[in-house]
$ cat coords.cif   # mmCIF, C-alpha atoms
data_query
#
loop_
_atom_site.group_PDB
_atom_site.id
_atom_site.type_symbol
_atom_site.label_atom_id
_atom_site.label_comp_id
_atom_site.auth_asym_id
_atom_site.auth_seq_id
_atom_site.Cartn_x
_atom_site.Cartn_y
_atom_site.Cartn_z
ATOM 1 C CA MET A 1 129.943 62.833 76.610
ATOM 2 C CA ILE A 2 128.038 66.146 76.640
ATOM 3 C CA ALA A 3 126.473 65.288 80.004
ATOM 4 C CA LEU A 4 129.898 64.457 81.403
ATOM 5 C CA PHE A 5 131.215 67.816 80.165
ATOM 6 C CA PHE A 6 128.489 69.762 81.957
ATOM 7 C CA GLN A 7 128.954 67.794 85.160
ATOM 8 C CA THR A 8 132.685 68.452 85.101
ATOM 9 C CA GLY A 9 132.185 72.140 84.321
ATOM 10 C CA SER A 10 129.701 72.611 87.126
ATOM 11 C CA ALA A 11 132.050 70.927 89.597
ATOM 12 C CA ILE A 12 134.906 73.352 88.902
ATOM 13 C CA PRO A 13 134.421 76.734 90.670
ATOM 14 C CA THR A 14 134.867 79.713 88.390
ATOM 15 C CA THR A 15 134.258 82.616 90.805
ATOM 16 C CA PRO A 16 135.498 83.428 94.345
ATOM 17 C CA TRP A 17 132.001 82.847 95.717
ATOM 18 C CA GLU A 18 131.848 79.404 94.142
ATOM 19 C CA MET A 19 135.269 78.655 95.628
ATOM 20 C CA ILE A 20 133.873 79.505 99.058
ATOM 21 C CA THR A 21 130.705 77.436 98.601
ATOM 22 C CA HIS A 22 132.710 74.484 97.248
ATOM 23 C CA ALA A 23 135.432 74.817 99.891
ATOM 24 C CA THR A 24 136.102 72.203 102.499
ATOM 25 C CA LEU A 25 134.365 72.354 105.870
ATOM 26 C CA VAL A 26 137.543 73.458 107.645
ATOM 27 C CA THR A 27 138.055 76.382 105.252
ATOM 28 C CA GLN A 28 134.431 77.440 105.605
ATOM 29 C CA LEU A 29 134.700 77.380 109.407
ATOM 30 C CA VAL A 30 137.811 79.558 109.222
ATOM 31 C CA LEU A 31 135.991 82.005 106.948
ATOM 32 C CA VAL A 32 132.999 82.143 109.300
ATOM 33 C CA LEU A 33 135.326 82.918 112.214
ATOM 34 C CA LEU A 34 136.988 85.681 110.194
ATOM 35 C CA VAL A 35 133.591 87.158 109.330
ATOM 36 C CA VAL A 36 132.697 87.262 113.042
ATOM 37 C CA LEU A 37 136.002 88.969 113.875
ATOM 38 C CA SER A 38 135.444 91.463 111.065
ATOM 39 C CA LEU A 39 131.981 92.361 112.366
ATOM 40 C CA VAL A 40 133.370 92.798 115.888
ATOM 41 C CA SER A 41 136.212 95.054 114.719
ATOM 42 C CA TRP A 42 133.966 97.203 112.539
ATOM 43 C CA GLY A 43 131.438 97.488 115.358
ATOM 44 C CA ILE A 44 134.155 98.709 117.726
ATOM 45 C CA MET A 45 135.526 101.176 115.177
ATOM 46 C CA ILE A 46 132.118 102.663 114.390
ATOM 47 C CA ALA A 47 131.197 102.951 118.080
ATOM 48 C CA LYS A 48 134.524 104.586 118.975
ATOM 49 C CA TRP A 49 134.350 106.956 116.025
ATOM 50 C CA LEU A 50 130.923 108.159 117.141
ATOM 51 C CA GLU A 51 132.097 108.432 120.771
ATOM 52 C CA PHE A 52 135.223 110.430 119.911
ATOM 53 C CA ARG A 53 133.330 112.699 117.522
ATOM 54 C CA ALA A 54 130.764 113.574 120.208
ATOM 55 C CA LEU A 55 133.553 114.016 122.768
ATOM 56 C CA ARG A 56 135.490 116.398 120.539
ATOM 57 C CA ARG A 57 132.432 118.562 119.991
ATOM 58 C CA THR A 58 131.429 118.806 123.658
ATOM 59 C CA SER A 59 134.979 119.127 125.017
ATOM 60 C CA ARG A 60 135.832 121.886 122.558
ATOM 61 C CA GLU A 61 132.850 123.925 123.705
ATOM 62 C CA PHE A 62 133.646 123.317 127.369
ATOM 63 C CA LEU A 63 137.338 124.192 127.036
ATOM 64 C CA ASN A 64 136.644 127.345 125.025
ATOM 65 C CA GLU A 65 134.313 128.618 127.740
ATOM 66 C CA PHE A 66 136.578 127.466 130.579
ATOM 67 C CA GLU A 67 139.532 129.438 129.218
ATOM 68 C CA HIS A 68 137.569 132.679 129.663
ATOM 69 C CA GLN A 69 136.640 131.976 133.284
ATOM 70 C CA THR A 70 138.497 134.091 135.825
ATOM 71 C CA ARG A 71 136.529 133.095 138.924
ATOM 72 C CA LEU A 72 136.208 129.651 140.456
ATOM 73 C CA ALA A 73 132.482 130.115 141.057
ATOM 74 C CA HIS A 74 131.922 130.798 137.368
ATOM 75 C CA ALA A 75 133.939 127.700 136.437
ATOM 76 C CA GLU A 76 131.851 125.580 138.809
ATOM 77 C CA ALA A 77 128.638 126.911 137.270
ATOM 78 C CA LEU A 78 130.016 126.125 133.813
ATOM 79 C CA ALA A 79 130.853 122.558 134.868
ATOM 80 C CA ARG A 80 127.325 122.039 136.202
ATOM 81 C CA ARG A 81 125.837 123.176 132.876
ATOM 82 C CA ALA A 82 128.214 121.146 130.716
ATOM 83 C CA PRO A 83 127.281 117.618 129.594
ATOM 84 C CA PRO A 84 129.109 114.741 131.301
ATOM 85 C CA GLY A 85 132.581 114.192 129.926
ATOM 86 C CA PRO A 86 136.203 113.567 130.915
ATOM 87 C CA PHE A 87 137.062 117.260 131.322
ATOM 88 C CA ARG A 88 134.063 117.895 133.517
ATOM 89 C CA ARG A 89 134.891 114.853 135.670
ATOM 90 C CA VAL A 90 138.498 115.988 136.070
ATOM 91 C CA PHE A 91 137.303 119.405 137.242
ATOM 92 C CA GLU A 92 134.753 117.866 139.621
ATOM 93 C CA ARG A 93 137.460 115.608 141.064
ATOM 94 C CA ALA A 94 139.563 118.683 141.816
ATOM 95 C CA MET A 95 136.596 120.315 143.539
ATOM 96 C CA ARG A 96 136.011 117.232 145.686
ATOM 97 C CA PHE A 97 139.663 117.265 146.657
ATOM 98 C CA LEU A 98 139.464 120.753 148.187
ATOM 99 C CA PRO A 99 137.383 119.869 151.293
ATOM 100 C CA ASP A 100 139.818 117.028 152.035
ATOM 101 C CA ILE A 101 142.713 119.450 152.406
ATOM 102 C CA SER A 102 140.927 122.353 154.101
ATOM 103 C CA GLY A 103 141.594 123.105 157.741
ATOM 104 C CA GLY A 104 144.446 122.110 159.958
ATOM 105 C CA GLU A 105 146.692 125.015 158.907
ATOM 106 C CA GLN A 106 145.330 127.883 160.958
ATOM 107 C CA GLY A 107 147.948 129.433 163.145
ATOM 108 C CA ALA A 108 150.824 128.073 161.105
ATOM 109 C CA SER A 109 153.736 130.313 160.319
ATOM 110 C CA LEU A 110 154.248 131.794 156.851
ATOM 111 C CA ALA A 111 157.070 129.348 156.046
ATOM 112 C CA SER A 112 155.108 126.292 157.105
ATOM 113 C CA THR A 113 152.069 127.542 155.163
ATOM 114 C CA ALA A 114 154.175 127.846 152.006
ATOM 115 C CA VAL A 115 155.455 124.297 152.479
ATOM 116 C CA MET A 116 151.958 122.952 153.022
ATOM 117 C CA SER A 117 150.668 124.835 149.973
ATOM 118 C CA GLY A 118 153.362 123.256 147.845
ATOM 119 C CA SER A 119 152.531 119.791 149.154
ATOM 120 C CA ARG A 120 148.838 120.402 148.534
ATOM 121 C CA VAL A 121 149.507 121.356 144.925
ATOM 122 C CA GLU A 122 151.595 118.231 144.471
ATOM 123 C CA ALA A 123 148.891 116.074 146.049
ATOM 124 C CA LEU A 124 146.263 117.653 143.800
ATOM 125 C CA ARG A 125 148.451 116.966 140.765
ATOM 126 C CA PHE A 126 148.640 113.284 141.746
ATOM 127 C CA VAL A 127 144.857 113.162 142.104
ATOM 128 C CA LEU A 128 144.320 114.771 138.705
ATOM 129 C CA ASP A 129 146.848 112.437 137.084
ATOM 130 C CA SER A 130 144.979 109.483 138.550
ATOM 131 C CA GLU A 131 141.673 110.814 137.244
ATOM 132 C CA THR A 132 143.258 111.386 133.832
ATOM 133 C CA SER A 133 144.424 107.776 133.722
ATOM 134 C CA GLU A 134 140.948 106.578 134.655
ATOM 135 C CA GLU A 135 139.412 108.664 131.883
ATOM 136 C CA ARG A 136 141.894 107.279 129.379
ATOM 137 C CA ASP A 137 141.062 103.731 130.449
ATOM 138 C CA ARG A 138 137.357 104.502 130.161
ATOM 139 C CA LEU A 139 137.713 105.925 126.655
ATOM 140 C CA GLY A 140 140.094 103.146 125.596
ATOM 141 C CA ARG A 141 137.737 100.293 126.401
ATOM 142 C CA PHE A 142 137.566 97.680 123.613
ATOM 143 C CA ILE A 143 140.286 99.422 121.572
ATOM 144 C CA PRO A 144 142.869 96.712 122.464
ATOM 145 C CA TRP A 145 140.495 94.253 120.821
ATOM 146 C CA LEU A 146 141.378 95.875 117.496
ATOM 147 C CA ALA A 147 145.066 95.119 118.031
ATOM 148 C CA THR A 148 144.220 91.550 119.021
ATOM 149 C CA ILE A 149 142.052 91.015 115.939
ATOM 150 C CA GLY A 150 144.672 92.628 113.711
ATOM 151 C CA SER A 151 147.414 90.312 114.972
ATOM 152 C CA VAL A 152 145.406 87.077 115.272
ATOM 153 C CA SER A 153 143.460 87.224 111.995
ATOM 154 C CA PRO A 154 146.480 86.612 109.690
ATOM 155 C CA LEU A 155 147.424 83.582 111.772
ATOM 156 C CA ILE A 156 143.903 82.192 111.492
ATOM 157 C CA GLY A 157 143.969 82.809 107.754
ATOM 158 C CA LEU A 158 147.340 81.112 107.447
ATOM 159 C CA LEU A 159 145.963 78.124 109.340
ATOM 160 C CA GLY A 160 143.054 77.909 106.905
ATOM 161 C CA THR A 161 145.429 78.144 103.948
ATOM 162 C CA VAL A 162 147.703 75.395 105.242
ATOM 163 C CA LEU A 163 144.750 73.121 105.965
ATOM 164 C CA GLY A 164 143.340 73.861 102.519
ATOM 165 C CA VAL A 165 146.616 72.958 100.813
ATOM 166 C CA ILE A 166 146.822 69.750 102.826
ATOM 167 C CA SER A 167 143.252 68.876 101.861
ATOM 168 C CA ALA A 168 143.993 69.605 98.186
ATOM 169 C CA PHE A 169 147.011 67.314 98.116
ATOM 170 C CA ILE A 170 145.108 64.593 99.937
ATOM 171 C CA GLY A 171 142.401 64.846 97.273
ATOM 172 C CA ILE A 172 144.982 64.605 94.516
ATOM 173 C CA ALA A 173 146.523 61.545 96.115
ATOM 174 C CA THR A 174 143.128 59.945 96.608
ATOM 175 C CA GLN A 175 141.986 60.540 93.029
ATOM 176 C CA GLY A 176 145.371 59.609 91.616
ATOM 177 C CA SER A 177 145.351 62.553 89.205
ATOM 178 C CA GLY A 178 148.036 65.212 88.993
ATOM 179 C CA ASN A 179 146.915 67.231 85.969
ATOM 180 C CA ILE A 180 146.357 70.979 86.244
ATOM 181 C CA ALA A 181 142.561 70.666 86.092
ATOM 182 C CA ALA A 182 142.586 68.537 89.221
ATOM 183 C CA VAL A 183 145.186 70.566 91.130
ATOM 184 C CA ALA A 184 144.026 74.107 90.330
ATOM 185 C CA PRO A 185 140.681 74.186 92.253
ATOM 186 C CA GLY A 186 142.190 72.954 95.513
ATOM 187 C CA VAL A 187 145.228 75.205 95.272
ATOM 188 C CA ALA A 188 143.068 78.212 94.351
ATOM 189 C CA GLU A 189 140.783 77.545 97.326
ATOM 190 C CA ALA A 190 143.599 77.561 99.897
ATOM 191 C CA PRO A 191 144.655 81.260 99.651
ATOM 192 C CA ILE A 192 141.065 82.457 100.118
ATOM 193 C CA ALA A 193 141.463 82.178 103.895
ATOM 194 C CA THR A 194 144.631 84.284 103.839
ATOM 195 C CA ALA A 195 143.001 86.928 101.629
ATOM 196 C CA ALA A 196 139.983 87.079 103.945
ATOM 197 C CA ALA A 197 142.275 87.338 106.985
ATOM 198 C CA LEU A 198 144.128 90.294 105.475
ATOM 199 C CA ALA A 199 140.803 91.981 104.698
ATOM 200 C CA VAL A 200 139.970 91.660 108.408
ATOM 201 C CA ALA A 201 143.387 92.562 109.826
ATOM 202 C CA ILE A 202 144.209 95.670 107.766
ATOM 203 C CA PRO A 203 141.186 97.780 108.860
ATOM 204 C CA ALA A 204 141.557 96.573 112.465
ATOM 205 C CA VAL A 205 145.222 97.607 112.661
ATOM 206 C CA PHE A 206 144.476 100.928 110.970
ATOM 207 C CA GLY A 207 141.639 101.619 113.395
ATOM 208 C CA TYR A 208 143.750 100.679 116.409
ATOM 209 C CA ASN A 209 146.554 103.061 115.448
ATOM 210 C CA LEU A 210 144.079 105.844 114.730
ATOM 211 C CA PHE A 211 142.237 105.530 118.030
ATOM 212 C CA ALA A 212 145.445 104.996 120.023
ATOM 213 C CA ASN A 213 146.810 108.293 118.683
ATOM 214 C CA ARG A 214 143.510 109.971 119.511
ATOM 215 C CA LEU A 215 143.702 108.625 123.070
ATOM 216 C CA ASN A 216 147.208 110.029 123.467
ATOM 217 C CA ARG A 217 145.989 113.442 122.330
ATOM 218 C CA ILE A 218 143.065 113.364 124.757
ATOM 219 C CA GLU A 219 145.373 112.353 127.603
ATOM 220 C CA GLY A 220 147.658 115.302 126.805
ATOM 221 C CA GLU A 221 144.670 117.652 126.694
ATOM 222 C CA LEU A 222 143.457 116.355 130.060
ATOM 223 C CA GLU A 223 146.884 116.895 131.609
ATOM 224 C CA GLY A 224 146.967 120.449 130.278
ATOM 225 C CA PHE A 225 143.447 121.032 131.564
ATOM 226 C CA GLY A 226 144.506 119.796 135.001
ATOM 227 C CA SER A 227 147.291 122.394 135.033
ATOM 228 C CA GLU A 228 144.755 125.105 134.164
ATOM 229 C CA VAL A 229 142.526 123.966 137.030
ATOM 230 C CA ILE A 230 145.444 124.138 139.468
ATOM 231 C CA ALA A 231 146.354 127.611 138.199
ATOM 232 C CA LEU A 232 142.780 128.781 138.720
ATOM 233 C CA LEU A 233 142.733 127.397 142.260
ATOM 234 C CA VAL A 234 146.026 129.120 143.028
ATOM 235 C CA ARG A 235 144.700 132.443 141.749
ATOM 236 C CA GLU A 236 141.612 132.011 143.936
ATOM 237 C CA GLY A 237 143.801 131.284 146.961
ATOM 238 C CA ARG A 238 142.159 127.899 147.475
ATOM 239 C CA ILE A 239 145.517 126.104 147.577
#

$ encode --input "coords.cif" --output "structure tokens"
Amino acid sequence: MIALFFQTGSAIPTTPWEMITHATLVTQLVLVLLVVLSLVSWGIMIAKWLEFRALRRTSREFLNEFEHQTRLAHAEALARRAPPGPFRRVFERAMRFLPDISGGEQGASLASTAVMSGSRVEALRFVLDSETSEERDRLGRFIPWLATIGSVSPLIGLLGTVLGVISAFIGIATQGSGNIAAVAPGVAEAPIATAAALAVAIPAVFGYNLFANRLNRIEGELEGFGSEVIALLVREGRI
């Protein structure tokens, strides 16, 4: 009788870890998949946090110095000294655009020159907007994965819970016992997948919203920087 008591006690899980180790194969596979998704999401969030922190530091220094530049030559020298970044690439794209629009206007009347200058500014704005979109896409790489993980993980957890409940009831039917001692372990095992899925989804959704807002701010800053570049070119008489 004592031996039977210890065997029964050891078979009933008493901690969450024992519930996982005594879980069915399907539940364990679901938990392994959720662990992989959690590692992927945390890896993306840590990498993006480090990237955005370095970008904020370098871009702040570059923008503070750029605001005090009154000559295009000084701004070009500043861009050459600055570390690679989205603001530097936007400025370099504007500089590459200038040779494409030079020439072809000598001898034009004052009215036609004004019209061409306006069209050149508009064309430059389109080029800078395109470069801004490319920089946003470059900075936003892998961030949509956070939204995907945040939306898919609860469904995977729900699948594991449903399969666990089905397995528990099949075990009850097979053993022919409906007392609470026989039902409780299987029923307690089933929600573990849902709890694990929520632990994966909540940080992923939080990280996605945080980085998406940061991307919107950077895009707005790049658009404002493009306007400053155009203003500097107009003051220099380059467009």

$ residues_around --input "coords.cif" --residues "range 26-34 of chain A" --least-positions-apart "5" --cutoff "9 Å" --atoms "all atoms listed in the file" --output "number ranges by chain"
A: 20-21, 39, 153, 156-157, 159-161, 163-164, 189-190, 192-193, 196-197, 200

$ resolve_selection --input "coords.cif" --expression "the PyMOL selection byres ((chain A and resi 125) around 10)" --output "list in words"
Ala94, Ser119, Arg120, Val121, Glu122, Ala123, Leu124, Phe126, Val127, Leu128, Asp129, Ser130, Glu131, Glu223, Gly226, Ser227, Val229 and Ile230 of chain A

$ closest_residue --input "coords.cif" --among "A:Val90, A:Ala201, A:Phe211, A:Glu67" --to "Ser133 in chain A" --atoms "all atoms listed in the file"
A:Val90

$ atom_distance --input "coords.cif" --atom1 "CA of Glu221 in chain A" --atom2 "CA of Ala73 in chain A"
22.6 Å

$ atom_distance --input "coords.cif" --atom1 "CA of Phe206 in chain A" --atom2 "CA of Ser41 in chain A"
10.8 Å

$ closest_residue --input "coords.cif" --among "A:Leu232, A:Leu155, A:Val40, A:Ile46" --to "His74 in chain A" --atoms "all atoms listed in the file"
A:Leu232

$ atom_distance --input "coords.cif" --atom1 "CA of Val205 in chain A" --atom2 "CA of Ala23 in chain A"
27.9 Å

$ axis_aligned_box --input "coords.cif" --around "range 25-39 of chain A" --padding-each-side "3 Å" --output "AutoDock Vina command-line options"
--center_x 135.0 --center_y 82.4 --center_z 109.6 --size_x 12.1 --size_y 26.0 --size_z 14.6

$ closest_residue --input "coords.cif" --among "A:Ala195, A:Ala47, A:Pro84, A:Phe225" --to "Asn64 in chain A" --atoms "only C-alpha atoms"
A:Phe225

$ residues_around --input "coords.cif" --residues "Leu139 in chain A" --least-positions-apart "6" --cutoff "10 Å" --atoms "all atoms listed in the file" --output "compact mmCIF listing (two decimals) with C-alpha atoms, keeping the file's coordinate frame"
# COMPACT_ATOMS: atom_id res chain seq x y z
CA LYS A 48 134.52 104.59 118.98
CA GLU A 51 132.10 108.43 120.77
CA PHE A 52 135.22 110.43 119.91
CA LEU A 55 133.55 114.02 122.77
CA PRO A 86 136.20 113.57 130.92
CA SER A 133 144.42 107.78 133.72
CA PHE A 211 142.24 105.53 118.03
CA LEU A 215 143.70 108.62 123.07
CA ILE A 218 143.06 113.36 124.76

$ closest_residue --input "coords.cif" --among "A:Glu61, A:Glu219, A:Glu76, A:Glu228" --to "Met95 in chain A" --atoms "all atoms listed in the file"
A:Glu76

$ resolve_selection --input "coords.cif" --expression "the PyMOL selection byres ((chain A and resi 237) around 12)" --output "list in words"
Arg71, Leu72, Leu98, Ser102, Ser117, Val121, Ile230, Ala231, Leu232, Leu233, Val234, Arg235, Glu236, Arg238 and Ile239 of chain A

$ write_last_selection --input "coords.cif" --atoms "C-alpha atoms" --output "CSV table (one decimal), in the frame of the given file"
chain,number,residue,atom,x,y,z
A,71,ARG,CA,136.5,133.1,138.9
A,72,LEU,CA,136.2,129.7,140.5
A,98,LEU,CA,139.5,120.8,148.2
A,102,SER,CA,140.9,122.4,154.1
A,117,SER,CA,150.7,124.8,150.0
A,121,VAL,CA,149.5,121.4,144.9
A,230,ILE,CA,145.4,124.1,139.5
A,231,ALA,CA,146.4,127.6,138.2
A,232,LEU,CA,142.8,128.8,138.7
A,233,LEU,CA,142.7,127.4,142.3
A,234,VAL,CA,146.0,129.1,143.0
A,235,ARG,CA,144.7,132.4,141.7
A,236,GLU,CA,141.6,132.0,143.9
A,238,ARG,CA,142.2,127.9,147.5
A,239,ILE,CA,145.5,126.1,147.6

$ residues_around --input "coords.cif" --residues "Tyr208 in chain A" --least-positions-apart "3" --cutoff "7 Å" --atoms "all atoms listed in the file" --output "list in words"
Ile143, Leu146, Ala147, Ala204, Val205, Phe211 and Ala212 of chain A
